[in-house]
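Containing mmCIF, C-alpha atoms: my_file_31.cif.
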```cif
data_data
#
loop_
_atom_site.label_atom_id
_atom_site.label_comp_id
_atom_site.auth_asym_id
_atom_site.auth_seq_id
_atom_site.Cartn_x
_atom_site.Cartn_y
_atom_site.Cartn_z
CA MET A 1 64.56 108.19 142.61
CA HIS A 2 68.18 107.20 143.08
CA ARG A 3 67.22 103.82 144.52
CA VAL A 4 64.98 103.09 141.54
CA LYS A 5 67.82 103.91 139.20
CA VAL A 6 70.19 101.54 140.98
CA ARG A 7 67.57 98.80 140.83
CA VAL A 8 67.20 99.24 137.07
CA VAL A 9 70.97 99.03 136.62
CA GLU A 10 71.22 95.90 138.75
CA ASP A 11 68.43 94.19 136.83
CA ALA A 12 70.12 95.07 133.57
CA LEU A 13 73.43 93.62 134.75
CA ASP A 14 71.73 90.44 136.00
CA ALA A 15 70.12 90.00 132.60
CA ASN A 16 73.48 90.67 130.97
CA ASN A 17 75.21 88.01 133.06
CA THR A 18 72.51 85.47 132.21
CA ILE A 19 73.00 86.09 128.48
CA ALA A 20 76.79 86.13 128.87
CA ARG A 21 76.57 82.61 130.32
CA ALA A 22 74.47 81.51 127.35
CA ASN A 23 77.10 82.96 124.99
CA ARG A 24 79.78 81.17 127.01
CA ASP A 25 77.96 77.85 126.60
CA ASP A 26 77.76 78.37 122.84
CA PHE A 27 81.43 79.29 122.60
CA ASP A 28 82.37 76.19 124.62
CA ARG A 29 80.21 73.94 122.46
CA HIS A 30 82.06 75.17 119.37
CA GLY A 31 85.46 75.18 121.07
CA VAL A 32 85.95 78.91 120.55
CA THR A 33 88.08 81.03 122.86
CA VAL A 34 86.87 84.62 123.09
CA VAL A 35 88.82 87.81 123.77
CA ASN A 36 87.15 91.13 124.61
CA LEU A 37 89.40 93.92 123.29
CA MET A 38 88.83 97.26 125.02
CA SER A 39 90.40 100.73 124.92
CA ALA A 40 89.70 104.43 124.60
CA PRO A 41 88.80 105.70 121.12
CA GLY A 42 91.84 105.84 118.88
CA ALA A 43 94.15 103.78 121.11
CA GLY A 44 94.88 101.46 118.21
CA LYS A 45 92.69 98.37 118.65
CA THR A 46 92.11 97.87 114.93
CA THR A 47 95.70 98.59 113.90
CA LEU A 48 96.94 96.12 116.50
CA LEU A 49 94.46 93.50 115.24
CA GLU A 50 95.57 94.07 111.64
CA ARG A 51 99.14 93.31 112.73
CA ALA A 52 98.53 90.55 115.26
CA LEU A 53 96.04 88.49 113.25
CA ASP A 54 98.35 88.46 110.23
CA GLY A 55 100.26 85.19 110.62
CA LEU A 56 98.39 84.05 113.71
CA SER A 57 98.71 80.27 114.09
CA VAL A 58 95.10 79.68 115.20
CA ARG A 59 91.91 80.23 113.21
CA ALA A 60 90.60 83.65 114.23
CA GLY A 61 87.49 85.72 113.59
CA VAL A 62 86.55 89.24 114.60
CA LEU A 63 83.38 90.84 115.87
CA GLU A 64 83.71 94.60 115.31
CA GLY A 65 81.76 96.75 117.75
CA ASP A 66 81.10 100.37 116.81
CA VAL A 67 78.40 102.92 117.45
CA GLN A 68 78.08 103.46 113.73
CA GLY A 69 79.71 102.56 110.43
CA SER A 70 82.00 99.75 109.32
CA LEU A 71 85.32 101.57 108.93
CA ASP A 72 87.17 99.14 111.20
CA ALA A 73 85.64 96.02 109.68
CA ASP A 74 86.60 97.33 106.23
CA ARG A 75 90.19 97.78 107.40
CA LEU A 76 90.35 94.11 108.40
CA ALA A 77 88.91 92.79 105.14
CA HIS A 78 92.34 92.13 103.60
CA LEU A 79 93.18 89.63 106.37
CA HIS A 80 90.69 87.12 104.96
CA VAL A 81 89.37 86.17 108.37
CA PRO A 82 85.64 86.23 109.16
CA VAL A 83 84.69 89.74 110.29
CA VAL A 84 81.20 90.69 111.44
CA GLN A 85 80.21 94.31 112.13
CA LEU A 86 77.98 95.02 115.13
CA ASN A 87 76.64 98.58 115.42
CA THR A 88 75.20 99.70 118.74
CA GLY A 89 73.48 102.53 116.86
CA ALA A 90 71.34 100.04 114.92
CA GLY A 91 68.62 98.86 117.30
CA PHE A 92 70.67 99.18 120.49
CA GLY A 93 70.15 102.89 121.22
CA GLY A 94 73.69 103.96 120.28
CA GLU A 95 75.13 102.32 123.40
CA CYS A 96 78.70 103.21 124.41
CA HIS A 97 79.67 99.57 124.93
CA LEU A 98 78.89 96.06 123.80
CA ASP A 99 76.80 93.87 126.07
CA ALA A 100 76.09 90.14 126.05
CA ASN A 101 72.81 90.54 124.19
CA MET A 102 74.36 92.54 121.35
CA VAL A 103 77.11 89.92 120.99
CA ARG A 104 74.46 87.17 121.07
CA SER A 105 72.59 88.87 118.23
CA ALA A 106 75.73 88.55 116.07
CA LEU A 107 76.50 84.88 116.81
CA PRO A 108 74.39 83.46 113.93
CA SER A 109 76.54 85.51 111.52
CA LEU A 110 79.78 83.96 112.79
CA PRO A 111 81.15 80.60 111.56
CA LEU A 112 81.93 79.44 115.10
CA ASP A 113 82.72 75.88 113.96
CA GLU A 114 85.59 77.20 111.85
CA LEU A 115 87.17 79.33 114.60
CA ASP A 116 89.57 78.72 117.46
CA LEU A 117 89.63 82.34 118.56
CA LEU A 118 87.08 85.13 118.38
CA VAL A 119 88.26 88.67 119.05
CA VAL A 120 85.50 91.07 119.98
CA GLU A 121 86.59 94.66 119.42
CA ASN A 122 84.51 96.70 121.84
CA VAL A 123 83.34 100.30 121.41
CA GLY A 124 86.13 102.75 122.24
CA ASN A 125 85.37 103.75 125.84
CA LEU A 126 87.25 103.49 129.16
CA VAL A 127 84.20 103.16 131.42
CA CYS A 128 81.19 101.03 130.52
CA PRO A 129 82.69 98.16 128.47
CA ALA A 130 84.30 96.89 131.69
CA GLU A 131 80.88 96.55 133.34
CA PHE A 132 79.39 94.15 130.79
CA ARG A 133 80.70 90.60 130.45
CA ILE A 134 79.95 89.15 127.03
CA GLY A 135 80.92 85.52 127.71
CA GLU A 136 84.61 86.07 127.02
CA ASP A 137 87.61 84.06 128.29
CA ALA A 138 89.90 87.04 128.61
CA ARG A 139 89.97 90.79 128.28
CA ILE A 140 92.74 92.86 126.79
CA MET A 141 92.96 96.55 127.60
CA ILE A 142 94.96 98.77 125.22
CA ALA A 143 96.34 102.06 126.48
CA SER A 144 98.08 104.48 124.13
CA VAL A 145 101.05 106.44 125.45
CA ALA A 146 99.46 109.52 123.84
CA GLU A 147 96.67 109.31 126.46
CA GLY A 148 99.04 109.92 129.36
CA ASP A 149 100.35 107.75 132.18
CA ASP A 150 97.58 108.56 134.68
CA LYS A 151 94.78 106.60 133.00
CA PRO A 152 94.80 103.53 135.33
CA LEU A 153 94.09 105.85 138.26
CA LYS A 154 91.29 107.67 136.44
CA TYR A 155 89.58 104.60 134.94
CA PRO A 156 90.47 101.88 137.48
CA LEU A 157 87.65 99.43 136.74
CA MET A 158 88.77 99.06 133.15
CA PHE A 159 92.38 98.35 134.08
CA ARG A 160 91.29 95.98 136.85
CA ALA A 161 88.90 93.97 134.67
CA CYS A 162 91.48 92.62 132.23
CA GLU A 163 94.06 89.85 131.93
CA LEU A 164 96.50 91.77 129.72
CA VAL A 165 97.35 95.46 129.36
CA VAL A 166 98.93 96.44 126.04
CA VAL A 167 100.72 99.79 126.06
CA ASN A 168 100.54 100.92 122.44
CA LYS A 169 102.19 103.68 120.35
CA ILE A 170 105.56 103.35 122.06
CA ASP A 171 107.04 104.87 118.88
CA LEU A 172 105.63 108.17 120.23
CA LEU A 173 107.34 107.88 123.63
CA GLU A 174 109.94 110.56 122.98
CA HIS A 175 107.26 113.01 121.77
CA VAL A 176 104.71 112.77 124.60
CA ASP A 177 104.65 113.24 128.36
CA PHE A 178 104.39 109.57 129.29
CA SER A 179 106.59 107.88 131.85
CA PRO A 180 106.48 104.05 131.55
CA GLU A 181 107.50 103.87 135.20
CA ARG A 182 104.68 106.16 136.36
CA PHE A 183 102.24 104.18 134.22
CA ASP A 184 103.43 100.88 135.72
CA ARG A 185 103.07 102.26 139.24
CA ALA A 186 99.56 103.51 138.47
CA LEU A 187 98.65 100.17 136.92
CA ASP A 188 100.03 98.20 139.85
CA ALA A 189 98.05 100.42 142.22
CA VAL A 190 94.77 99.28 140.67
CA HIS A 191 95.75 95.82 139.32
CA PRO A 192 98.97 94.60 140.97
CA GLY A 193 101.15 92.49 138.72
CA VAL A 194 98.77 92.27 135.77
CA GLU A 195 100.57 91.06 132.64
CA ARG A 196 101.62 93.91 130.33
CA LEU A 197 103.22 94.27 126.92
CA ARG A 198 104.61 97.35 125.18
CA VAL A 199 104.06 97.63 121.44
CA SER A 200 103.88 99.92 118.48
CA ALA A 201 101.12 98.59 116.27
CA ARG A 202 102.23 101.19 113.73
CA THR A 203 105.85 100.05 113.40
CA GLY A 204 105.21 96.45 114.44
CA GLU A 205 107.56 96.60 117.44
CA GLY A 206 106.44 94.14 120.12
CA VAL A 207 103.47 92.81 118.12
CA ASP A 208 104.98 89.30 118.04
CA ALA A 209 104.42 89.03 121.79
CA VAL A 210 100.75 89.99 121.41
CA ARG A 211 100.35 87.44 118.59
CA ASP A 212 101.92 84.76 120.80
CA TRP A 213 99.66 85.71 123.71
CA LEU A 214 96.60 85.34 121.47
CA ALA A 215 97.85 82.05 119.97
CA ARG A 216 98.40 80.52 123.42
CA LEU A 217 95.04 81.65 124.78
CA PRO A 218 92.92 78.72 123.49
CA ASP A 219 95.21 76.27 125.35
CA ARG A 220 95.20 78.27 128.55
CA ALA A 221 91.47 78.98 128.46
CA GLY A 222 90.71 75.27 127.92
CA ALA A 223 93.09 74.07 130.63
CA PRO A 224 91.56 72.78 133.86
CA ALA A 225 91.50 75.51 136.47
CA MET B 1 61.81 94.13 126.70
CA HIS B 2 63.38 96.44 124.14
CA ARG B 3 60.43 98.84 124.32
CA VAL B 4 60.69 99.02 128.11
CA LYS B 5 64.37 99.86 127.85
CA VAL B 6 63.74 102.68 125.41
CA ARG B 7 61.02 104.05 127.69
CA VAL B 8 63.41 104.09 130.65
CA VAL B 9 66.04 105.92 128.60
CA GLU B 10 63.49 108.48 127.38
CA ASP B 11 62.25 109.12 130.91
CA ALA B 12 65.82 109.59 132.11
CA LEU B 13 66.55 112.09 129.33
CA ASP B 14 63.33 114.00 130.04
CA ALA B 15 64.33 114.29 133.69
CA ASN B 16 67.79 115.37 132.60
CA ASN B 17 66.42 118.12 130.36
CA THR B 18 64.19 119.40 133.18
CA ILE B 19 67.17 119.66 135.52
CA ALA B 20 69.35 121.15 132.77
CA ARG B 21 66.79 123.95 132.41
CA ALA B 22 66.92 124.56 136.17
CA ASN B 23 70.73 124.76 135.97
CA ARG B 24 70.37 127.15 133.03
CA ASP B 25 68.09 129.41 135.08
CA ASP B 26 70.62 129.47 137.92
CA PHE B 27 73.49 130.25 135.56
CA ASP B 28 71.47 133.06 133.97
CA ARG B 29 70.55 134.53 137.36
CA HIS B 30 74.25 134.73 138.25
CA GLY B 31 75.33 135.86 134.79
CA VAL B 32 77.54 132.83 134.24
CA THR B 33 78.28 131.44 130.78
CA VAL B 34 78.87 127.69 130.79
CA VAL B 35 81.01 125.55 128.50
CA ASN B 36 80.80 121.76 128.39
CA LEU B 37 84.24 120.42 127.46
CA MET B 38 84.17 116.92 125.99
CA SER B 39 86.70 114.50 124.48
CA ALA B 40 88.01 110.95 124.55
CA PRO B 41 90.23 110.01 127.51
CA GLY B 42 93.67 111.54 127.18
CA ALA B 43 92.84 113.97 124.37
CA GLY B 44 94.21 116.84 126.44
CA LYS B 45 91.22 118.58 128.04
CA THR B 46 93.05 119.40 131.28
CA THR B 47 96.30 120.45 129.59
CA LEU B 48 94.38 122.75 127.27
CA LEU B 49 92.53 124.24 130.25
CA GLU B 50 95.79 124.81 132.11
CA ARG B 51 97.04 126.80 129.13
CA ALA B 52 93.87 128.59 128.09
CA LEU B 53 92.71 129.72 131.56
CA ASP B 54 96.12 131.21 132.30
CA GLY B 55 95.72 134.85 131.34
CA LEU B 56 92.05 134.57 130.41
CA SER B 57 90.42 138.02 130.56
CA VAL B 58 87.15 136.86 132.16
CA ARG B 59 86.65 135.36 135.62
CA ALA B 60 86.58 131.59 135.15
CA GLY B 61 85.87 128.56 137.29
CA VAL B 62 86.10 124.83 136.57
CA LEU B 63 83.93 121.86 137.40
CA GLU B 64 86.08 118.75 136.98
CA GLY B 65 84.17 115.60 136.08
CA ASP B 66 85.88 112.25 136.58
CA VAL B 67 84.81 108.74 137.42
CA GLN B 68 87.24 108.72 140.31
CA GLY B 69 90.03 110.78 141.89
CA SER B 70 91.02 114.41 141.69
CA LEU B 71 94.15 114.25 139.51
CA ASP B 72 92.86 116.83 137.03
CA ALA B 73 91.55 119.22 139.68
CA ASP B 74 94.93 119.02 141.42
CA ARG B 75 96.66 119.93 138.15
CA LEU B 76 94.58 123.11 137.90
CA ALA B 77 95.21 124.23 141.48
CA HIS B 78 98.12 126.50 140.51
CA LEU B 79 95.82 128.61 138.33
CA HIS B 80 94.10 130.07 141.40
CA VAL B 81 90.64 129.79 139.88
CA PRO B 82 87.78 128.04 141.69
CA VAL B 83 87.90 124.31 140.88
CA VAL B 84 85.35 121.82 142.13
CA GLN B 85 85.79 118.06 141.65
CA LEU B 86 82.74 116.00 140.76
CA ASN B 87 83.18 112.20 140.81
CA THR B 88 80.60 110.04 139.08
CA GLY B 89 81.89 107.10 141.13
CA ALA B 90 80.72 108.75 144.36
CA GLY B 91 76.97 108.29 144.54
CA PHE B 92 76.33 108.32 140.79
CA GLY B 93 77.10 104.67 139.97
CA GLY B 94 80.42 105.36 138.20
CA GLU B 95 78.63 106.91 135.22
CA CYS B 96 80.62 107.45 132.02
CA HIS B 97 79.37 111.03 131.60
CA LEU B 98 78.13 114.01 133.53
CA ASP B 99 74.41 114.70 133.56
CA ALA B 100 72.41 117.74 134.65
CA ASN B 101 71.69 116.32 138.10
CA MET B 102 75.35 115.67 138.87
CA VAL B 103 76.24 119.20 137.80
CA ARG B 104 73.35 120.53 139.90
CA SER B 105 74.72 118.71 142.96
CA ALA B 106 77.96 120.66 142.59
CA LEU B 107 76.45 124.14 142.14
CA PRO B 108 76.37 124.99 145.87
CA SER B 109 80.15 124.46 145.95
CA LEU B 110 80.75 127.00 143.17
CA PRO B 111 81.01 130.78 143.76
CA LEU B 112 78.73 131.56 140.80
CA ASP B 113 78.48 135.26 141.73
CA GLU B 114 82.21 135.62 141.23
CA LEU B 115 82.33 133.93 137.81
CA ASP B 116 81.77 135.01 134.22
CA LEU B 117 82.60 131.64 132.76
CA LEU B 118 82.27 128.10 134.09
CA VAL B 119 84.07 125.33 132.23
CA VAL B 120 82.72 121.87 132.92
CA GLU B 121 85.29 119.22 132.04
CA ASN B 122 83.25 116.13 131.24
CA VAL B 123 84.29 112.49 131.73
CA GLY B 124 86.56 111.33 128.89
CA ASN B 125 84.17 109.54 126.54
CA LEU B 126 83.10 110.01 122.92
CA VAL B 127 79.58 108.64 123.25
CA CYS B 128 77.34 109.43 126.22
CA PRO B 129 78.41 112.97 127.25
CA ALA B 130 76.82 114.24 124.02
CA GLU B 131 73.44 112.83 125.06
CA PHE B 132 73.11 114.76 128.31
CA ARG B 133 72.69 118.54 128.31
CA ILE B 134 73.81 120.08 131.59
CA GLY B 135 72.48 123.62 131.06
CA GLU B 136 75.50 124.80 129.08
CA ASP B 137 75.74 127.64 126.55
CA ALA B 138 78.25 125.89 124.33
CA ARG B 139 80.08 122.62 123.88
CA ILE B 140 83.67 122.18 122.87
CA MET B 141 84.84 118.85 121.50
CA ILE B 142 88.57 118.11 121.63
CA ALA B 143 90.03 115.53 119.25
CA SER B 144 93.67 114.51 119.47
CA VAL B 145 95.52 113.77 116.24
CA ALA B 146 96.84 110.62 117.95
CA GLU B 147 93.30 109.21 117.85
CA GLY B 148 93.19 109.19 114.05
CA ASP B 149 91.29 111.20 111.46
CA ASP B 150 88.25 108.90 111.27
CA LYS B 151 86.71 109.75 114.64
CA PRO B 152 83.94 112.11 113.42
CA LEU B 153 82.56 109.26 111.29
CA LYS B 154 82.72 106.77 114.18
CA TYR B 155 81.31 109.03 116.90
CA PRO B 156 79.10 111.40 114.89
CA LEU B 157 76.75 112.54 117.68
CA MET B 158 79.64 113.94 119.68
CA PHE B 159 81.04 115.93 116.77
CA ARG B 160 77.56 117.14 115.81
CA ALA B 161 76.60 118.29 119.31
CA CYS B 162 79.26 120.98 119.67
CA GLU B 163 79.92 124.58 118.69
CA LEU B 164 83.71 124.25 118.45
CA VAL B 165 86.04 121.38 117.55
CA VAL B 166 89.60 121.71 118.84
CA VAL B 167 92.13 119.47 117.10
CA ASN B 168 94.84 118.99 119.72
CA LYS B 169 98.39 117.57 119.76
CA ILE B 170 99.29 118.98 116.35
CA ASP B 171 102.91 118.77 117.53
CA LEU B 172 102.56 115.02 116.87
CA LEU B 173 101.31 115.42 113.29
CA GLU B 174 104.52 114.24 111.66
CA HIS B 175 104.62 111.15 113.87
CA VAL B 176 101.06 109.82 113.46
CA ASP B 177 98.79 108.73 110.61
CA PHE B 178 96.48 111.74 110.70
CA SER B 179 95.51 113.75 107.65
CA PRO B 180 94.03 117.17 108.59
CA GLU B 181 92.25 117.17 105.24
CA ARG B 182 90.67 113.74 105.81
CA PHE B 183 89.66 114.84 109.31
CA ASP B 184 88.06 118.04 107.98
CA ARG B 185 86.16 116.09 105.35
CA ALA B 186 84.92 113.61 108.00
CA LEU B 187 83.95 116.47 110.29
CA ASP B 188 82.10 118.33 107.53
CA ALA B 189 80.25 115.12 106.69
CA VAL B 190 78.68 115.01 110.17
CA HIS B 191 78.72 118.74 111.10
CA PRO B 192 79.19 120.91 108.01
CA GLY B 193 81.16 124.09 108.60
CA VAL B 194 81.46 123.76 112.39
CA GLU B 195 84.11 126.11 113.76
CA ARG B 196 87.48 124.39 114.31
CA LEU B 197 90.85 125.30 115.77
CA ARG B 198 94.16 123.43 115.63
CA VAL B 199 96.33 123.57 118.73
CA SER B 200 99.10 121.94 120.68
CA ALA B 201 98.21 122.33 124.33
CA ARG B 202 101.66 120.90 125.08
CA THR B 203 103.70 123.50 123.16
CA GLY B 204 101.11 126.26 123.41
CA GLU B 205 100.72 126.62 119.63
CA GLY B 206 97.26 127.90 118.76
CA VAL B 207 96.09 128.16 122.38
CA ASP B 208 95.62 131.94 122.06
CA ALA B 209 92.74 131.33 119.67
CA VAL B 210 91.05 129.01 122.16
CA ARG B 211 91.56 131.57 124.95
CA ASP B 212 89.99 134.26 122.74
CA TRP B 213 87.09 131.98 121.88
CA LEU B 214 86.42 131.40 125.59
CA ALA B 215 86.81 135.10 126.45
CA ARG B 216 84.29 136.12 123.78
CA LEU B 217 81.74 133.48 124.75
CA PRO B 218 79.99 135.41 127.56
CA ASP B 219 79.20 138.25 125.10
CA ARG B 220 77.98 135.92 122.40
CA ALA B 221 75.97 133.75 124.77
CA GLY B 222 74.28 136.85 126.23
CA ALA B 223 73.53 138.41 122.84
CA PRO B 224 69.94 138.31 121.60
CA ALA B 225 69.44 135.35 119.30
#
```
What would you get if you wrote out this structure as structure tokens?
Amino acid sequence: MHRVKVRVVEDALDANNTIARANRDDFDRHGVTVVNLMSAPGAGKTTLLERALDGLSVRAGVLEGDVQGSLDADRLAHLHVPVVQLNTGAGFGGECHLDANMVRSALPSLPLDELDLLVVENVGNLVCPAEFRIGEDARIMIASVAEGDDKPLKYPLMFRACELVVVNKIDLLEHVDFSPERFDRALDAVHPGVERLRVSARTGEGVDAVRDWLARLPDRAGAPA
Amino acid sequence: MHRVKVRVVEDALDANNTIARANRDDFDRHGVTVVNLMSAPGAGKTTLLERALDGLSVRAGVLEGDVQGSLDADRLAHLHVPVVQLNTGAGFGGECHLDANMVRSALPSLPLDELDLLVVENVGNLVCPAEFRIGEDARIMIASVAEGDDKPLKYPLMFRACELVVVNKIDLLEHVDFSPERFDRALDAVHPGVERLRVSARTGEGVDAVRDWLARLPDRAGAPA
């Protein structure tokens, strides 16, 4: 029984990787760099996007992944960038993550020719999103200080499978039990030296560095390896 | 392809329900009431347990579910209650939730005859844990005010599939954008009238009410329907 289950999972991941490569080819053809934005629920993905996309020097669009509803997409409407809502509850069984096929289903709704950067906001979850590539160039993992400084040790795959870790809600640092040093040690234990930025999406502190990181990504992603 | 996937999921849930009933029978035979404790990562499940189990008037044990590691089980060691660690990364494919079979695998390690109450701390996740019954009598959902007041609308199944919602980290209320009224309205939209308690596991405020709720549960669970 267990072996059958593993086989099913492996087949599903193979299929996912095949579709992720097809997405990747489409993104390349249109010259779009893609970021997969991941975090636990309520870590501040949407608030950070609201701040970082405002004034961004490249043409950006957003694909909003949620189990249900369009609350986050609605919040981004005032930015006047293309935003497409993708619900895993509508035809995808209420999945706890985005996969390459779900992203592919949304591509016809996106004006890829008019974008330099596509940010895909994944479903809030610290486990499964890390297992499914969607054809992205880079992954950003957001951790809120309110979640505690032990999260890299408890959800190591997520913190390993990213190019940038954003520590958000630093305006709460004096009110929560979060040691930046303990967090950095935990992070380095699972992903030594990974790039990290500390921000408060609420106050705006540190958001400039995230905006710069996003603005530079198309150049870096397109550079020869 | 889609139909096959749905079939696989349905088969898996049928198997889960069969095993959940077997767990339920075992719990009943030993007179143990079981609570499934669910939340997003970092919402404060373990901190609340540390506080609420200390001085609890019934004999309690804990089954700690995590993808990896035993950080939470270690934190509970000082309580001198039986604690068993269950890792979904060890033989269960790194699953993002506990299911009935995982819980069943841990039962031989638990002194059920010596317990009135077993608290199962699920993997931090607001999606999949709600889909898998484990043979529990009741489910508690913890939401941290740091996550925002929109979470019931974004993760409705989780907030619907519980008997008690604990709003934690109320000591942060003045520092975060969380309206208790908006949260209550969102909660009532998906689970009208569900019992709710507001606490700060960190300061201890409101924890007495959670402790009382847990202490009363064996009586209520055993009462004729």
Quick one: which residues end up in the PyMOL selection byres ((chain B) within 7 of (chain A)) for this structure, as an MDAnalysis selection string? chainID B and resid 40:43 67:69 96 125 127:128 146:148 154:155
Take the PyMOL selection byres ((chain A and resi 48-53) around 7), apply it to the structure above, and return the hits as a list in words. Gly44, Lys45, Thr46, Thr47, Asp54, Gly55, Leu56, Leu76, Ala201, Val207, Val210 and Arg211 of chain A
One decimal place gives the atom CA of Leu164 of chain B-atom CA of Leu117 of chain B separation as 16.1 Å
With the file shown as input, list the residues that the PyMOL selection byres ((chain B and resi 120) around 9) selects, as a PyMOL selection string. chain B and resi 34-38+61-65+103+118-119+121-122+136
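Proximity of B:Asp99, B:Asp113, B:Glu205, B:Asp26 to Ile134 of chain B, computed with all atoms listed in the file, is greatest for B:Asp99.
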The residue from A:Ala186, A:Ala22, A:Val194, A:Leu214 with the smallest atom-to-atom distance to Arg104 of chain A, counting only C-alpha atoms, is A:Ala22
What does the distance between atom CA of Asp14 of chain A and atom CA of Asn101 of chain A come to in Å, to one decimal place?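 For atom CA of Asp14 of chain A relative to atom CA of Asn101 of chain A, the distance reads 11.9 Å.
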At what distance in Å, to one decimal, does atom CA of Gly206 of chain A lie from atom CA of Pro218 of chain A? 20.8 Å
Residues proximal to (86.9, 119.6, 140.1) were defined as those with any atom within 6 Å of that point in the file's coordinates, counting all atoms listed in the file. Which are they, as a VMD selection string? chain B and resid 63 to 64 73 83 to 86
Who sits within 7 Å of Ile170 of chain A, only C-alpha atoms, same chain under 2 positions skipped, as a PyMOL selection string: chain A and resi 145+168+172-173+198-200
Could you pull the residues within 7 Å of Val190 of chain A, counting all atoms listed in the file, minus those fewer than 2 positions along the same chain, as a PDB file with C-alpha atoms, in the frame of the given file?
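Saved to selection.pdb:
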```pdb
ATOM      1  CA  PRO A 152      94.800 103.530 135.330  1.00  0.00           C
ATOM      2  CA  PRO A 156      90.470 101.880 137.480  1.00  0.00           C
ATOM      3  CA  ARG A 160      91.290  95.980 136.850  1.00  0.00           C
ATOM      4  CA  ALA A 186      99.560 103.510 138.470  1.00  0.00           C
ATOM      5  CA  LEU A 187      98.650 100.170 136.920  1.00  0.00           C
ATOM      6  CA  ASP A 188     100.030  98.200 139.850  1.00  0.00           C
ATOM      7  CA  PRO A 192      98.970  94.600 140.970  1.00  0.00           C
TER       8      PRO A 192
END
```
Edge lengths and centre in Å to one decimal, as AutoDock Vina command-line options, of the axis-aligned box that encloses all listed atoms of segment 39-50 of chain B with 6 Å added on every side?
```
--center_x 91.5 --center_y 117.4 --center_z 128.2 --size_x 21.6 --size_y 26.8 --size_z 19.7
```
